[in-house]
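Before any comments, here is the structure.
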Protein chains: 2
Amino acid sequence: MSLTALSNICVVLVETTHPGNIGGVARAMKNMGLSDLRLVSPKRFPHDDAVWRAASAGEMLNTATVTETLAEAVADCGLVIGSSARDRRIPWPLLPPRQCAAQAVAEASTHKVALVFGREDRGLTNDELRACNLHVCIPSNPEYSSLNLAMAVQVISYECRVAALDNNEDISAMAEWDQPVATAEAMRQYFVHLEETLVEIGFLQPRAPKQLMTRLKRLYHRTRPDEMEMNILRGILTTTQQRLRKLAAEAAGTPDQAEND
Amino acid sequence: MSLTALSNICVVLVETTHPGNIGGVARAMKNMGLSDLRLVSPKRFPHDDAVWRAASAGEMLNTATVTETLAEAVADCGLVIGSSARDRRIPWPLLPPRQCAAQAVAEASTHKVALVFGREDRGLTNDELRACNLHVCIPSNPEYSSLNLAMAVQVISYECRVAALDNNEDISAMAEWDQPVATAEAMRQYFVHLEETLVEIGFLQPRAPKQLMTRLKRLYHRTRPDEMEMNILRGILTTTQQRLRKLAAEAAGTPDQAEND
């Protein structure tokens with residue numbers, strides 16, 4: 001039994017409108033043994049409705065962290081899972097709750113895992129979903145598929161608890177890896193650097209559609225780079241830029257300056 | 001897939017105090033594809049709070065049946081499952097939600113199945129529990145084990161839906177991808193191109209150990225690029241080379257030749 005894994009799983013709520021839902025989430029989390037609640041720009045918080053719905057989980061509201069951006073909220077997490085409806089234009093790795101929970105619990109033994117839930121009325125934005133390693137979708141009635149926010153957290157948290165109780169060995173493909181996985185913050189910085197470099201070599205037109213970066217984010221999020229791999233990827237970008245700048249300076253007739261670029 | 005079984009599963013709420021919870025239950029049921037809601041002596045019903053929490057499941061409140069006793073509510077059911085905390089004096093057949101749902105769905109193909117939930121503050125009485133064929137208990141944090149009523153219905157209903165869907169659908173994360181996966185040959189060519197480019201930018205020393213390429217191969221093999229992603233990756237390499245060669249030619253004073261490289 002690895003219930004301790006649950007302490008490494010956080011729930012992130014993005015721009016929640018109704019404070020009652022935050023309370024409901026807090027209660028659902030505590031019922032299932034989760035304790036790390038993170039709020040990204042909640043509309044109304046703190047609020048009496050949250051306290052009321054939290055019932056005996058009120059202290060979770062006091063210890064919840066509040067940040068302005070999703071990037072800040074998940075910066076220390078090695079696996080970021082976003083809650084999603086199924087119909088996205090570009091497919092992303094998508095798991096049902098049970099398999100998602102198994103992976104979350106398995107990975108939580110080595111790093112922080114974030115479960116990210118979006119706004120009540122329209123979920124996570126495409127950009128937010130593209131900041132996730134994988135997506136989870138709760139199977140639901142096609143005629144009425146939108147679960148209440150706290151209900152969705154309840155279902156996923158429940159699956160995490162069952163997975164943690166399940167006492168199965170680490171089934172993830174990267175169970176015995178030699179390097180820690182890159183954090184969400186490292187991934188974010190990589191994409192900034194990648195985009196900058198692609199513009200610099202002329203592969204990406206800054207004013208062109210974002211489809212290209214989306215596909216690249218999906219690819220690299222899916223592969224879950226470890227820290228050493230991330231260093232290599234960053235190193236390739238840096239070296240490319242240095243080489244280009246040096247050559248450009250030489251072409252312009254100012255080689256010395258380029259050396260110190 | 002036997003989702004039709006769900007139409008033979010009813011949810012029975014016994015003496016619910018808060019009408020908001022009835023609405024929450026209606027929504028959870030409809031989200032999961034259940035439709036038969038039965039209320040035993042609700043304290044306040046109908047009520048605006050129920051309508052509010054039901055959201056787009058409001059019609060469930062109109063079609064709900066109301067009876068005075070549990071016996072009336074479950075009279076037509078061949079299997080009655082009662083929601084229970086674990087610590088009952090007399091042991092009863094007790095299943096976790098997953099196994100309970102599997103049995104409910106299996107039996108629902110031949111007869112009505114009732115899922116019975118008790119009062120918010122003290123659940124079902126011993127008499128009521130003894131009117132059940134078996135009990136279900138949601139695993140929870142021993143330090144705070146009491147789930148909100150609607151949350152409990154959500155979890156059990158979710159398990160019923162998953163059980164009904166559970167005819168070996170493809171559950172792999174990339175089941176509904178939009179592009180065919182890159183072939184092994186395409187991967188091989190990519191690594192040749194990648195290595196060549198890394199040498200050209202000066203990141204890879206041809207005589208240095210192969211560890212770097214090994215790590216990059218592991219990374220890209222792991223991510224299983226599709227054909228479009230592979231085109232993008234190849235395009236980045238090609239563009240990088242073209243740009244470098246053009247700049248190098250300019251630096252050497254032979255721009256025209258570089259254009260045709």
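Within each chain, counting starts at residue 1; across the structure tokens, chains are named A, B, ... in the order shown, with ligands numbered 1 upward in that order.
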Compute the set of chain A residues within 7 Å of chain B, using only C-alpha atoms, and express it as an mmCIF file with N, CA, C and O atoms, in the first residue's frame.
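Generated file (selection36.cif):
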data_model
loop_
_atom_site.group_PDB
_atom_site.id
_atom_site.type_symbol
_atom_site.label_atom_id
_atom_site.label_comp_id
_atom_site.auth_asym_id
_atom_site.auth_seq_id
_atom_site.Cartn_x
_atom_site.Cartn_y
_atom_site.Cartn_z
ATOM 1 N N LYS A 30 -9.979 15.766 0.640
ATOM 2 C CA LYS A 30 -9.657 15.250 1.977
ATOM 3 C C LYS A 30 -10.279 13.870 2.178
ATOM 4 O O LYS A 30 -9.664 12.975 2.767
ATOM 5 N N ASN A 31 -11.503 13.686 1.701
ATOM 6 C CA ASN A 31 -12.132 12.369 1.793
ATOM 7 C C ASN A 31 -11.253 11.291 1.164
ATOM 8 O O ASN A 31 -11.214 10.149 1.608
ATOM 9 N N MET A 32 -10.576 11.650 0.089
ATOM 10 C CA MET A 32 -9.766 10.666 -0.638
ATOM 11 C C MET A 32 -8.300 10.673 -0.204
ATOM 12 O O MET A 32 -7.490 9.927 -0.736
ATOM 13 N N GLY A 33 -7.965 11.537 0.768
ATOM 14 C CA GLY A 33 -6.600 11.532 1.281
ATOM 15 C C GLY A 33 -5.627 12.413 0.524
ATOM 16 O O GLY A 33 -4.419 12.286 0.696
ATOM 17 N N PRO A 91 -5.247 15.830 -31.427
ATOM 18 C CA PRO A 91 -5.299 14.840 -30.345
ATOM 19 C C PRO A 91 -4.070 14.931 -29.444
ATOM 20 O O PRO A 91 -2.979 15.248 -29.918
ATOM 21 N N PRO A 93 -2.214 12.841 -25.917
ATOM 22 C CA PRO A 93 -2.363 11.582 -25.172
ATOM 23 C C PRO A 93 -3.487 11.698 -24.150
ATOM 24 O O PRO A 93 -3.477 12.598 -23.317
ATOM 25 N N LEU A 94 -4.453 10.797 -24.257
ATOM 26 C CA LEU A 94 -5.686 10.917 -23.473
ATOM 27 C C LEU A 94 -5.960 9.588 -22.788
ATOM 28 O O LEU A 94 -6.025 8.555 -23.451
ATOM 29 N N LEU A 95 -6.118 9.625 -21.474
ATOM 30 C CA LEU A 95 -6.377 8.395 -20.735
ATOM 31 C C LEU A 95 -7.699 8.494 -20.003
ATOM 32 O O LEU A 95 -8.110 9.579 -19.591
ATOM 33 N N SER A 140 -18.647 9.910 -19.992
ATOM 34 C CA SER A 140 -19.929 10.461 -19.568
ATOM 35 C C SER A 140 -20.954 10.353 -20.683
ATOM 36 O O SER A 140 -20.632 10.013 -21.814
ATOM 37 N N ASN A 141 -22.164 10.639 -20.309
ATOM 38 C CA ASN A 141 -23.301 10.601 -21.214
ATOM 39 C C ASN A 141 -23.128 11.643 -22.319
ATOM 40 O O ASN A 141 -23.054 12.837 -22.025
ATOM 41 N N TYR A 144 -25.256 14.683 -22.056
ATOM 42 C CA TYR A 144 -25.027 15.639 -20.972
ATOM 43 C C TYR A 144 -23.695 15.279 -20.333
ATOM 44 O O TYR A 144 -23.626 14.585 -19.324
ATOM 45 N N SER A 145 -22.644 15.777 -20.922
ATOM 46 C CA SER A 145 -21.318 15.267 -20.576
ATOM 47 C C SER A 145 -20.592 16.119 -19.547
ATOM 48 O O SER A 145 -19.562 15.728 -19.035
ATOM 49 N N SER A 146 -21.131 17.286 -19.226
ATOM 50 C CA SER A 146 -20.388 18.212 -18.376
ATOM 51 C C SER A 146 -20.622 17.948 -16.898
ATOM 52 O O SER A 146 -21.671 18.289 -16.346
ATOM 53 N N LEU A 147 -19.615 17.374 -16.237
ATOM 54 C CA LEU A 147 -19.706 17.138 -14.804
ATOM 55 C C LEU A 147 -19.475 18.427 -14.036
ATOM 56 O O LEU A 147 -18.703 19.293 -14.464
ATOM 57 N N MET A 151 -17.389 17.312 -8.685
ATOM 58 C CA MET A 151 -17.666 15.910 -9.010
ATOM 59 C C MET A 151 -16.518 15.315 -9.814
ATOM 60 O O MET A 151 -16.119 14.173 -9.603
ATOM 61 N N GLN A 154 -13.773 14.677 -7.572
ATOM 62 C CA GLN A 154 -14.100 13.503 -6.754
ATOM 63 C C GLN A 154 -13.766 12.209 -7.496
ATOM 64 O O GLN A 154 -13.150 11.296 -6.944
ATOM 65 N N VAL A 155 -14.180 12.126 -8.737
ATOM 66 C CA VAL A 155 -13.966 10.888 -9.502
ATOM 67 C C VAL A 155 -12.475 10.607 -9.681
ATOM 68 O O VAL A 155 -12.002 9.495 -9.426
ATOM 69 N N ILE A 201 16.140 30.605 -37.071
ATOM 70 C CA ILE A 201 16.612 29.892 -38.263
ATOM 71 C C ILE A 201 15.671 30.105 -39.443
ATOM 72 O O ILE A 201 15.980 29.736 -40.567
ATOM 73 N N PHE A 203 12.475 28.933 -39.610
ATOM 74 C CA PHE A 203 11.528 27.834 -39.809
ATOM 75 C C PHE A 203 10.128 28.231 -39.371
ATOM 76 O O PHE A 203 9.136 27.781 -39.916
ATOM 77 N N ARG A 215 2.072 21.313 -32.180
ATOM 78 C CA ARG A 215 2.488 19.935 -32.462
ATOM 79 C C ARG A 215 3.822 19.606 -31.791
ATOM 80 O O ARG A 215 4.035 18.494 -31.319
ATOM 81 N N LEU A 219 4.529 16.751 -28.898
ATOM 82 C CA LEU A 219 5.567 15.733 -29.069
ATOM 83 C C LEU A 219 6.496 15.680 -27.856
ATOM 84 O O LEU A 219 6.767 14.615 -27.317
ATOM 85 N N ARG A 222 4.841 14.579 -24.625
ATOM 86 C CA ARG A 222 4.553 13.151 -24.628
ATOM 87 C C ARG A 222 5.776 12.332 -24.251
ATOM 88 O O ARG A 222 5.664 11.292 -23.616
ATOM 89 N N THR A 223 6.932 12.792 -24.650
ATOM 90 C CA THR A 223 8.130 11.977 -24.442
ATOM 91 C C THR A 223 8.677 12.100 -23.030
ATOM 92 O O THR A 223 9.502 11.296 -22.628
ATOM 93 N N PRO A 225 10.786 14.262 -21.219
ATOM 94 C CA PRO A 225 12.252 14.277 -21.115
ATOM 95 C C PRO A 225 12.719 14.264 -19.663
ATOM 96 O O PRO A 225 12.069 14.867 -18.797
ATOM 97 N N GLU A 229 18.304 14.708 -20.628
ATOM 98 C CA GLU A 229 17.802 14.893 -21.981
ATOM 99 C C GLU A 229 17.439 16.359 -22.231
ATOM 100 O O GLU A 229 17.676 16.906 -23.310
ATOM 101 N N ILE A 236 21.443 21.825 -27.718
ATOM 102 C CA ILE A 236 21.342 21.873 -29.181
ATOM 103 C C ILE A 236 20.857 23.251 -29.636
ATOM 104 O O ILE A 236 21.393 23.854 -30.567
ATOM 105 N N THR A 239 23.615 25.921 -29.010
ATOM 106 C CA THR A 239 24.709 25.787 -29.973
ATOM 107 C C THR A 239 24.284 26.270 -31.350
ATOM 108 O O THR A 239 25.054 26.923 -32.065
ATOM 109 N N THR A 240 23.056 25.940 -31.727
ATOM 110 C CA THR A 240 22.545 26.404 -33.020
ATOM 111 C C THR A 240 22.544 27.926 -33.081
ATOM 112 O O THR A 240 23.012 28.534 -34.064
ATOM 113 N N ARG A 243 26.115 29.358 -33.261
ATOM 114 C CA ARG A 243 26.720 29.132 -34.571
ATOM 115 C C ARG A 243 26.133 30.108 -35.609
ATOM 116 O O ARG A 243 26.855 30.718 -36.401
ATOM 117 N N LEU A 244 24.827 30.239 -35.581
ATOM 118 C CA LEU A 244 24.164 31.156 -36.517
ATOM 119 C C LEU A 244 24.646 32.582 -36.315
ATOM 120 O O LEU A 244 24.936 33.312 -37.270
ATOM 121 N N LEU A 247 28.214 33.088 -37.517
ATOM 122 C CA LEU A 247 28.274 33.149 -38.982
ATOM 123 C C LEU A 247 27.675 34.448 -39.496
ATOM 124 O O LEU A 247 28.206 35.071 -40.428
ATOM 125 N N ALA A 248 26.578 34.868 -38.894
ATOM 126 C CA ALA A 248 25.939 36.114 -39.327
ATOM 127 C C ALA A 248 26.877 37.290 -39.108
ATOM 128 O O ALA A 248 26.981 38.205 -39.942
ATOM 129 N N GLU A 250 30.146 37.128 -38.968
ATOM 130 C CA GLU A 250 31.229 37.009 -39.951
ATOM 131 C C GLU A 250 30.779 37.518 -41.315
ATOM 132 O O GLU A 250 31.506 38.231 -42.007
ATOM 133 N N ALA A 251 29.549 37.140 -41.671
ATOM 134 C CA ALA A 251 29.014 37.583 -42.960
ATOM 135 C C ALA A 251 28.923 39.104 -42.998
ATOM 136 O O ALA A 251 29.101 39.735 -44.033
#
Item to check | All residues 10 Å or closer to Thr110 in chain B, only C-alpha atoms, same chain fewer than 2 positions away omitted, as a list of chain:residue names | outcome: B:Ala5, B:Asn8, B:Gly78, B:Val105, B:Ala106, B:Glu107, B:Ala108, B:Lys112, B:Val113
Using only all heavy atoms, please write the residues we just selected to a file, as a PDB file, in the first residue's frame.
ATOM      1  N   ALA B   5     -27.919  -1.396 -20.073  1.00  0.00           N
ATOM      2  CA  ALA B   5     -28.061  -1.899 -18.700  1.00  0.00           C
ATOM      3  C   ALA B   5     -28.290  -0.753 -17.723  1.00  0.00           C
ATOM      4  O   ALA B   5     -28.994  -0.911 -16.718  1.00  0.00           O
ATOM      5  CB  ALA B   5     -26.825  -2.702 -18.304  1.00  0.00           C
ATOM      6  N   ASN B   8     -31.647   0.142 -16.361  1.00  0.00           N
ATOM      7  CA  ASN B   8     -32.263  -0.730 -15.363  1.00  0.00           C
ATOM      8  C   ASN B   8     -31.691  -0.539 -13.963  1.00  0.00           C
ATOM      9  O   ASN B   8     -31.974  -1.316 -13.062  1.00  0.00           O
ATOM     10  CB  ASN B   8     -32.096  -2.200 -15.782  1.00  0.00           C
ATOM     11  CG  ASN B   8     -33.425  -2.817 -16.202  1.00  0.00           C
ATOM     12  OD1 ASN B   8     -34.470  -2.175 -16.128  1.00  0.00           O
ATOM     13  ND2 ASN B   8     -33.381  -4.064 -16.630  1.00  0.00           N
ATOM     14  N   GLY B  78     -34.529  -6.497  -8.328  1.00  0.00           N
ATOM     15  CA  GLY B  78     -34.033  -7.843  -8.055  1.00  0.00           C
ATOM     16  C   GLY B  78     -32.722  -7.854  -7.294  1.00  0.00           C
ATOM     17  O   GLY B  78     -32.314  -8.883  -6.766  1.00  0.00           O
ATOM     18  N   VAL B 105     -24.229  -3.990 -13.024  1.00  0.00           N
ATOM     19  CA  VAL B 105     -24.392  -3.938 -14.479  1.00  0.00           C
ATOM     20  C   VAL B 105     -24.707  -5.323 -15.034  1.00  0.00           C
ATOM     21  O   VAL B 105     -25.567  -5.485 -15.917  1.00  0.00           O
ATOM     22  CB  VAL B 105     -23.129  -3.337 -15.141  1.00  0.00           C
ATOM     23  CG1 VAL B 105     -23.127  -3.560 -16.642  1.00  0.00           C
ATOM     24  CG2 VAL B 105     -23.040  -1.852 -14.815  1.00  0.00           C
ATOM     25  N   ALA B 106     -24.040  -6.329 -14.511  1.00  0.00           N
ATOM     26  CA  ALA B 106     -24.298  -7.690 -14.996  1.00  0.00           C
ATOM     27  C   ALA B 106     -25.751  -8.087 -14.745  1.00  0.00           C
ATOM     28  O   ALA B 106     -26.433  -8.609 -15.631  1.00  0.00           O
ATOM     29  CB  ALA B 106     -23.350  -8.673 -14.311  1.00  0.00           C
ATOM     30  N   GLU B 107     -26.232  -7.796 -13.559  1.00  0.00           N
ATOM     31  CA  GLU B 107     -27.594  -8.205 -13.223  1.00  0.00           C
ATOM     32  C   GLU B 107     -28.648  -7.330 -13.877  1.00  0.00           C
ATOM     33  O   GLU B 107     -29.781  -7.763 -14.096  1.00  0.00           O
ATOM     34  CB  GLU B 107     -27.776  -8.216 -11.699  1.00  0.00           C
ATOM     35  CG  GLU B 107     -26.862  -9.225 -11.016  1.00  0.00           C
ATOM     36  CD  GLU B 107     -27.380  -9.648  -9.652  1.00  0.00           C
ATOM     37  OE1 GLU B 107     -28.588  -9.464  -9.371  1.00  0.00           O
ATOM     38  OE2 GLU B 107     -26.580 -10.165  -8.869  1.00  0.00           O
ATOM     39  N   ALA B 108     -28.267  -6.099 -14.206  1.00  0.00           N
ATOM     40  CA  ALA B 108     -29.239  -5.170 -14.780  1.00  0.00           C
ATOM     41  C   ALA B 108     -29.717  -5.605 -16.159  1.00  0.00           C
ATOM     42  O   ALA B 108     -30.718  -5.091 -16.661  1.00  0.00           O
ATOM     43  CB  ALA B 108     -28.635  -3.765 -14.864  1.00  0.00           C
ATOM     44  N   LYS B 112     -34.210  -5.127 -12.480  1.00  0.00           N
ATOM     45  CA  LYS B 112     -33.904  -3.810 -11.912  1.00  0.00           C
ATOM     46  C   LYS B 112     -32.927  -3.948 -10.754  1.00  0.00           C
ATOM     47  O   LYS B 112     -33.005  -4.894  -9.952  1.00  0.00           O
ATOM     48  CB  LYS B 112     -35.191  -3.170 -11.372  1.00  0.00           C
ATOM     49  CG  LYS B 112     -36.195  -2.811 -12.456  1.00  0.00           C
ATOM     50  CD  LYS B 112     -36.174  -1.328 -12.750  1.00  0.00           C
ATOM     51  CE  LYS B 112     -37.248  -0.984 -13.775  1.00  0.00           C
ATOM     52  NZ  LYS B 112     -36.804   0.143 -14.627  1.00  0.00           N
ATOM     53  N   VAL B 113     -32.017  -2.987 -10.675  1.00  0.00           N
ATOM     54  CA  VAL B 113     -31.029  -2.953  -9.606  1.00  0.00           C
ATOM     55  C   VAL B 113     -31.146  -1.602  -8.894  1.00  0.00           C
ATOM     56  O   VAL B 113     -31.213  -0.558  -9.545  1.00  0.00           O
ATOM     57  CB  VAL B 113     -29.606  -3.125 -10.166  1.00  0.00           C
ATOM     58  CG1 VAL B 113     -28.558  -2.923  -9.077  1.00  0.00           C
ATOM     59  CG2 VAL B 113     -29.455  -4.479 -10.845  1.00  0.00           C
TER      60      VAL B 113
END
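Here chain A was fitted onto chain B over its full set of C-alpha atoms, and the resulting RMSD is 23.5 Å.
Computed from the coordinates, the CA of Ala104 in chain A to CA of Asp76 in chain A distance equals 14.8 Å.
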Next on the checklist: Set the distance at 10 Å and use only C-alpha atoms: which residues neighbour range 12-21 of chain A once local chain neighbours fewer than 6 positions away are removed? I'd like the list as a ChimeraX atom specification.
Outcome noted: /A:27,36-54,64-70,73-74,80-82,114-121,123-125,128,148-151,153
Next on the checklist: Just list as number ranges by chain whatever in range 1-90 of chain A DSSP marks as strand (DSSP E or B).
Outcome noted: A: 9-14, 36-40, 65-67, 77-83
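What separates CA of Ser109 in chain B from CA of Asp166 in chain B is a distance of 14.5 Å.
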